[in-house]
Every structure is written in structure tokens, then in C-alpha cells.
Amino acid sequence: MMKKADRLGLKVALAAAAACAVSSPAPAQLFLYDPAFPSAPIEGSDPLVGVTLPNATPAESRAHLLWNLRSGLNVAALQCQFSPSLRAVDNYNALLAHHSRELAAAYQALEGYFRRVHGRTGPRIFDEYSTQTYNNFSTLQAQLGFCQTAARIAREALARRKGELHLVASARMRELRGSLVPAYDLYAFTRMPIRLAPVTLVRNCANLPRRERRACQRP
């Protein structure tokens, strides 16, 4: 027999496990088998990041990398609302608040770059740069892969301490860019076909009238 104290402890443990299950939902999943996108650290001066910034300083290149990550997650917040489980809008807004200082510093660095390089036309060219940066993340055919990748990156960014968003950008930007290439669920192409056994129909002629029974019993 289980003692009363043991039963109480078991109930408490089960309640705690249930609470953890409710408060820690499984990550959103749009594929049965995730597509493999290129993933490796990247520098802000790499052309893959986005619109190139000639003669940018290391600090400006880092700001450029960070701003492209923010732009990509912003586009995801707009394009990925078809799946509420991704929480694209909520996580993006939370990210802006959590990393507000680092993002503001990146904006100032980029603003300074365009003024330094382009003079009086700097603000206008900065606007064109921002528009093109957003447009470069727009996708339709690759929407599922892009949305799932962006959602995972946003969750990682929220888990980072303030001031460390540039580390996420460096580690995940190559993957985010790669997710803009259409990818399909491998399940549809790798699963084994199901082979059904042949179906044999057994005729029951016993209950038929005589004439129909003779016709039924003919081979």
C-alpha cells in the first residue's frame, strides 16, 4: 500500500510536470523533416549579408550585419502570421524591446556611414538602402523554410543577454539567407511506398435462389 505522504508527493510531482508541460510548449514545426540550410559564421563585410557598404569600418560592417538581421525578422513578422505557433510578431516586438540599445547604436552607426560616404545625399541613400534590404528578404516560394528559420532565430535572440544580438547575427545570418531558397519537405520523397496485399473477393452463393445460385457458382 502506498503511504499517504507518498501519494501526496506523487500528486505534487505530477502537478509540477503538468505545469512545466504547459509553460514550455514544443518549438513550432512546419516540416516533418527540416531542410538543411547552409550554416556558418559570417562577417558583416560578406556580400551575402546584403547591400554592400564600400569602405565601411569594422563597426559599421557589424551594424550592417545586425541591421540586416533585424530587417529579415521584421519581414518575417509580416509574412509569417499564417502560423500563430511561430509567434513571429510577438517575438519580434519582444526582441526590439530587449535589444533596443544595441539596435539604436547600429542605426546610428549606419546613419554615420552614409553621411560620411555620401555627404548631403546620405539620408536619402540610407532610405534606399533600408528599402532594398527589406525587399531582399521578401519571398513567396520559400516562405515555409524562411518563416521557420526566422522564428527559431528570433527565439535564440530573445534568449541572449542584452548587447549580444550581433553574435546571433554573425552565427545565423548565413542560414537566414539560405532559407530564402525554396526547400521542400523530404518526407514526400524519402518515405517508402505502402504495398497492399491483393484483395480476394469470396462469393457466398448459398442463400441465393436456385437459378442465381447456379450462375454464382460458375467459375
# chains A, B, ... in the order shown; residues from 1 in each chain; ligands from 1

call {"tool": "residues_around", "arguments": {"residues": "segment 62-72 of chain A", "least_positions_apart": "5", "cutoff": "10 Å", "atoms": "only C-alpha atoms", "output": "PyMOL selection string"}}
result
chain A and resi 42-46+48-53+56-57+77+92+95-96+102-110+113+130-131+133-138+146-147+150+153-154+165-170+172-173+176-177

call {"tool": "residues_around", "arguments": {"residues": "segment 86-91 of chain A", "least_positions_apart": "5", "cutoff": "12 Å", "atoms": "only C-alpha atoms", "output": "NGL selection string"}}
result
:A and (25-30 or 70 or 72-81 or 96-99 or 144 or 146-159)

call {"tool": "closest_residue", "arguments": {"among": "A:Val117, A:Leu140, A:Ala59, A:Ala94", "to": "Ser179 of chain A", "atoms": "only C-alpha atoms"}}
result
A:Leu140

call {"tool": "residues_around", "arguments": {"residues": "segment 122-126 of chain A", "least_positions_apart": "6", "cutoff": "7 Å", "atoms": "only C-alpha atoms", "output": "tab-separated table (two decimals) with C-alpha atoms, in the first residue's frame"}}
result
chain	number	residue	atom	x	y	z
A	111	GLU	CA	23.46	56.75	-40.42
A	114	PHE	CA	26.01	57.18	-45.22
A	115	ARG	CA	26.70	60.74	-44.16

call {"tool": "atom_distance", "arguments": {"atom1": "atom CA of Ala171 of chain A", "atom2": "atom CA of Ser100 of chain A"}}
result
19.7 Å

call {"tool": "atom_distance", "arguments": {"atom1": "atom CA of Arg174 of chain A", "atom2": "atom CA of Pro84 of chain A"}}
result
25.3 Å

call {"tool": "atom_distance", "arguments": {"atom1": "atom CA of Asn55 of chain A", "atom2": "atom CA of Arg101 of chain A"}}
result
25.0 Å
